[in-house]
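Containing mmCIF, C-alpha atoms: my_file12.cif.
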```cif
data_structure
#
loop_
_atom_site.label_atom_id
_atom_site.label_comp_id
_atom_site.auth_asym_id
_atom_site.auth_seq_id
_atom_site.Cartn_x
_atom_site.Cartn_y
_atom_site.Cartn_z
CA MET T 1 0.00 0.00 0.00
CA CYS T 2 1.05 3.56 -0.56
CA GLY T 3 1.64 6.03 2.25
CA ASP T 4 -0.93 8.54 3.55
CA ASP T 5 0.32 11.57 1.62
CA THR T 6 -2.10 13.34 -0.70
CA MET T 7 -2.13 12.46 -4.38
CA SER T 8 -2.34 15.16 -7.03
CA ASN T 9 -6.11 14.74 -7.43
CA GLY T 10 -6.71 15.51 -3.75
CA PHE T 11 -7.44 11.96 -2.58
CA LYS T 12 -5.44 10.48 0.23
CA ARG T 13 -3.35 7.54 -0.84
CA GLY T 14 -3.67 4.26 1.02
CA PHE T 15 -4.33 2.52 -2.29
CA ASN T 16 -1.95 0.46 -4.33
CA LEU T 17 -1.28 2.74 -7.32
CA GLU T 18 -0.53 -0.15 -9.69
CA GLU T 19 -3.88 -1.76 -8.85
CA LEU T 20 -5.69 1.57 -9.07
CA ASN T 21 -4.23 2.14 -12.56
CA PHE T 22 -5.33 -1.37 -13.58
CA TRP T 23 -8.93 -0.66 -12.52
CA ARG T 24 -8.82 2.78 -14.16
CA GLY T 25 -7.84 1.14 -17.43
CA ILE T 26 -10.54 -1.50 -17.49
CA PHE T 27 -13.32 0.76 -16.19
CA ARG T 28 -12.47 3.79 -18.35
CA GLY T 29 -15.73 5.60 -19.05
CA ILE T 30 -17.75 3.43 -16.64
CA LEU T 31 -16.33 4.08 -13.16
CA ASP T 32 -14.17 6.98 -12.04
CA ASP T 33 -11.59 7.15 -9.22
CA ILE T 34 -14.16 7.81 -6.51
CA ASP T 35 -16.24 4.78 -7.56
CA ILE T 36 -13.17 2.56 -7.74
CA ARG T 37 -11.97 3.68 -4.31
CA ILE T 38 -15.42 3.15 -2.81
CA TYR T 39 -15.17 -0.42 -4.11
CA PHE T 40 -11.62 -0.81 -2.68
CA LEU T 41 -12.74 0.28 0.78
CA LEU T 42 -15.91 -1.83 0.81
CA ARG T 43 -14.03 -4.88 -0.41
CA GLU T 44 -11.79 -4.53 2.65
CA ASN T 45 -14.72 -3.89 5.01
CA GLY T 46 -18.25 -4.23 3.65
CA ARG T 47 -19.63 -2.67 6.82
CA MET T 48 -17.65 0.56 6.46
CA SER T 49 -20.01 3.52 6.81
CA ASP T 50 -20.45 6.18 4.16
CA THR T 51 -19.07 8.67 6.69
CA GLU T 52 -15.88 6.65 7.18
CA ILE T 53 -15.45 6.18 3.42
CA ALA T 54 -15.94 9.93 2.94
CA LYS T 55 -13.32 10.69 5.56
CA ARG T 56 -10.85 8.26 3.97
CA LEU T 57 -11.44 9.72 0.49
CA GLY T 58 -11.64 13.37 1.50
CA VAL T 59 -15.13 13.99 0.10
CA SER T 60 -18.55 14.51 1.67
CA ALA T 61 -20.62 11.66 3.10
CA THR T 62 -23.47 12.79 0.84
CA THR T 63 -21.28 12.29 -2.23
CA ILE T 64 -20.29 8.80 -1.07
CA ARG T 65 -23.86 7.79 -0.21
CA ARG T 66 -25.14 9.02 -3.59
CA ARG T 67 -22.36 7.24 -5.51
CA ARG T 68 -22.60 3.98 -3.51
CA LEU T 69 -26.36 3.84 -4.01
CA ALA T 70 -25.95 4.55 -7.74
CA LEU T 71 -23.39 1.71 -8.03
CA GLN T 72 -25.79 -0.63 -6.24
CA GLU T 73 -28.83 0.46 -8.28
CA ARG T 74 -26.95 -0.15 -11.55
CA GLY T 75 -26.01 -3.63 -10.32
CA TYR T 76 -22.27 -2.84 -10.35
CA LEU T 77 -21.81 -3.22 -6.59
CA GLN T 78 -23.37 -5.70 -4.24
CA ILE T 79 -22.38 -5.89 -0.60
CA LEU T 80 -22.56 -9.47 0.63
CA GLY T 81 -21.76 -11.50 3.69
CA ILE T 82 -19.47 -14.30 2.57
CA LEU T 83 -18.44 -17.32 4.57
CA ILE T 84 -14.83 -18.36 4.01
CA LEU T 85 -15.39 -22.12 3.73
CA GLN T 86 -11.71 -22.90 4.14
CA GLU T 87 -11.63 -21.18 7.52
CA LEU T 88 -14.69 -23.19 8.58
CA HIS T 89 -12.95 -26.42 7.50
CA MET T 90 -15.69 -27.15 4.97
CA ALA T 91 -15.19 -29.29 1.90
CA TYR T 92 -15.77 -27.69 -1.47
CA MET T 93 -15.35 -29.02 -4.96
CA ASP T 94 -15.40 -27.65 -8.46
CA VAL T 95 -17.43 -29.74 -10.89
CA LEU T 96 -16.61 -29.14 -14.55
CA VAL T 97 -19.53 -30.25 -16.71
CA ARG T 98 -19.76 -31.13 -20.41
CA PHE T 99 -23.20 -31.22 -21.98
CA ASN T 100 -24.37 -33.79 -24.51
CA GLN T 101 -24.03 -32.35 -28.01
CA ASN T 102 -27.70 -33.08 -28.66
CA ALA T 103 -28.93 -31.76 -25.29
CA SER T 104 -31.95 -29.50 -25.56
CA ASN T 105 -31.78 -25.91 -24.36
CA ASP T 106 -34.67 -26.71 -22.00
CA ASP T 107 -32.66 -29.52 -20.34
CA ILE T 108 -29.60 -27.27 -20.00
CA GLU T 109 -31.72 -24.45 -18.55
CA LYS T 110 -33.26 -26.94 -16.10
CA LEU T 111 -29.81 -27.90 -14.84
CA ILE T 112 -28.79 -24.23 -14.51
CA ASP T 113 -32.05 -23.40 -12.69
CA ASP T 114 -31.65 -26.38 -10.35
CA ALA T 115 -28.08 -25.27 -9.64
CA LYS T 116 -29.24 -21.68 -8.96
CA ASN T 117 -31.82 -23.00 -6.50
CA SER T 118 -29.48 -25.40 -4.71
CA TYR T 119 -28.15 -24.15 -1.40
CA ARG T 120 -25.27 -26.65 -1.85
CA ILE T 121 -23.93 -24.79 -4.92
CA PHE T 122 -22.42 -21.40 -4.27
CA GLU T 123 -21.02 -20.55 -7.69
CA ILE T 124 -21.99 -21.22 -11.29
CA ALA T 125 -19.91 -20.14 -14.27
CA GLU T 126 -20.63 -20.86 -17.91
CA TYR T 127 -17.60 -21.62 -20.08
CA ALA T 128 -16.67 -21.68 -23.74
CA GLY T 129 -14.29 -24.51 -24.56
CA LYS T 130 -13.77 -28.04 -23.31
CA TYR T 131 -16.32 -27.67 -20.50
CA ASP T 132 -19.69 -25.93 -20.59
CA VAL T 133 -20.26 -25.02 -16.96
CA LEU T 134 -18.57 -25.02 -13.57
CA LEU T 135 -20.59 -25.77 -10.45
CA ARG T 136 -18.92 -25.14 -7.10
CA PHE T 137 -20.43 -27.32 -4.37
CA PHE T 138 -19.73 -27.25 -0.64
CA GLY T 139 -20.51 -29.45 2.32
CA ARG T 140 -19.33 -30.69 5.69
CA ASP T 141 -17.02 -33.43 4.42
CA MET T 142 -15.65 -34.83 1.14
CA HIS T 143 -17.51 -38.14 1.35
CA SER T 144 -21.02 -36.72 1.70
CA LEU T 145 -20.21 -33.97 -0.78
CA MET T 146 -19.23 -36.53 -3.44
CA ARG T 147 -22.56 -38.29 -2.91
CA THR T 148 -24.43 -34.98 -3.23
CA ILE T 149 -22.63 -34.15 -6.48
CA HIS T 150 -23.31 -37.54 -8.04
CA GLU T 151 -26.99 -37.36 -7.04
CA PHE T 152 -27.34 -33.88 -8.52
CA MET T 153 -25.61 -34.79 -11.77
CA SER T 154 -27.58 -38.03 -12.24
CA LYS T 155 -30.85 -36.04 -12.38
CA HIS T 156 -29.78 -34.22 -15.52
CA PRO T 157 -29.72 -36.17 -18.80
CA CYS T 158 -28.08 -33.22 -20.59
CA VAL T 159 -24.78 -34.05 -18.85
CA ALA T 160 -22.36 -36.01 -21.04
CA SER T 161 -19.58 -36.06 -18.44
CA TYR T 162 -18.24 -34.20 -15.46
CA GLU T 163 -14.98 -33.92 -13.60
CA ILE T 164 -14.83 -33.32 -9.85
CA LEU T 165 -11.90 -31.30 -8.56
CA PRO T 166 -11.68 -31.23 -4.75
CA VAL T 167 -10.32 -27.88 -3.57
CA THR T 168 -7.50 -28.40 -1.09
CA ARG T 169 -6.68 -24.77 -0.33
CA SER T 170 -7.64 -21.26 -1.44
CA PRO T 171 -4.84 -18.75 -0.90
CA LYS T 172 -7.09 -15.96 -2.26
CA ALA T 173 -10.86 -15.65 -2.64
CA PHE T 174 -13.13 -12.65 -3.22
CA ASN T 175 -9.96 -10.59 -3.64
CA LYS T 176 -8.86 -11.37 -0.09
CA ARG T 177 -5.73 -13.24 0.83
CA LEU T 178 -6.61 -16.20 3.02
CA LYS T 179 -4.60 -18.06 5.62
#
```
Full structure transcribed into structure tokens:
Amino acid sequence: MCGDDTMSNGFKRGFNLEELNFWRGIFRGILDDIDIRIYFLLRENGRMSDTEIAKRLGVSATTIRRRRLALQERGYLQILGILILQELHMAYMDVLVRFNQNASNDDIEKLIDDAKNSYRIFEIAEYAGKYDVLLRFFGRDMHSLMRTIHEFMSKHPCVASYEILPVTRSPKAFNKRLK
């Protein structure tokens, strides 16, 4: 992290300039420095108040509240409570799924909807390439989790094959370094 001296644009530092420049580049025209820094602070502490963010950024609390709400209303920012499964000693596994070439869109959508509605699946990502979708399951232990995965997959005839990858450690998740 940078020191606490003031940058040329009036904001206090405390942000990694290399990372800030990265975000500036990819969000050019969508988010400005204030928006990016609001995100940085909330990613470190999702419960940080608008007043505290304002103090850290050197702008008014009204400005921060207005911008944070606008980011949330546009769907760009969502503040969530996230359990770090690794710290809870939970088992979690990535399941890489290939669909049958002749699978109907309805069958594929059924699988995706079932996955969305399953409390045992906490992430779904659609892929282009060798696999079609990733489902990230979690549970108390590897044995019961394997059974859950096989039961879920067997209900969906659109699945040609799947590969289960047990996660052994996550050094970083949700942009946080983990133990």
Inset, instruction - Please evaluate the PyMOL selection byres ((chain T and resi 108) around 12) against the structure above and give the resulting residues as number ranges by chain. - result: T: 97-107, 109-115, 126, 132-133, 153, 155-160
Inset, instruction - Take the PyMOL selection byres ((chain T and resi 88) around 12), apply it to the structure above, and return the hits as a PyMOL selection string. - result: chain T and resi 82-87+89-92+138-141+179
Legend entry - Distance of CA of Arg43 (chain T) from CA of Ile30 (chain T), expressed in Å to one decimal place: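 Here the two named atoms are 18.6 Å from each other.
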Inset, instruction - Calculate how many Å separate CA of Pro166 (chain T) from CA of Ser144 (chain T), rounding to one decimal. - result: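 Between these atoms lies a distance of 12.6 Å.
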Inset, instruction - Rank T:Ser118, T:Leu77, T:Arg147, T:Ser49 by their smallest atom-to-atom distance to Asp35 (chain T), using only C-alpha atoms, and report the top residue only. - result: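 Ranked by minimum distance to Asp35 (chain T), first place goes to T:Leu77.
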Inset, instruction - Using CA of Tyr131 (chain T) and CA of Leu96 (chain T) as the two end points, give the distance in Å to one decimal. - result: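 Distance reported for this atom pair: 6.1 Å.
Each of T:Leu42, T:Leu135, T:Ala61, T:Ile124 was checked against Ile79 (chain T) using all atoms listed in the file; the smallest atom-to-atom distance is that of T:Leu42.
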Legend entry - Counting all atoms listed in the file, the residue of T:Ala173, T:Val95, T:Ile64, T:Ala54 that sits nearest Leu145 (chain T):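 Ranked by minimum distance to Leu145 (chain T), first place goes to T:Val95.
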Inset, instruction - List every protein, DNA or RNA residue with an atom no more than 12 Å from (-14.9, -9.4, -5.4) in the file's coordinates, counting only C-alpha atoms, and format the result as a list in words. - result: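 These residues have at least one counted atom within 12 Å: Tyr39, Phe40, Leu41, Leu42, Arg43, Glu44, Asn45, Gly46, Tyr76, Leu77, Gln78, Ile79, Leu80, Gly81, Ile82, Lys172, Ala173, Phe174, Asn175, Lys176 and Arg177 of chain T.
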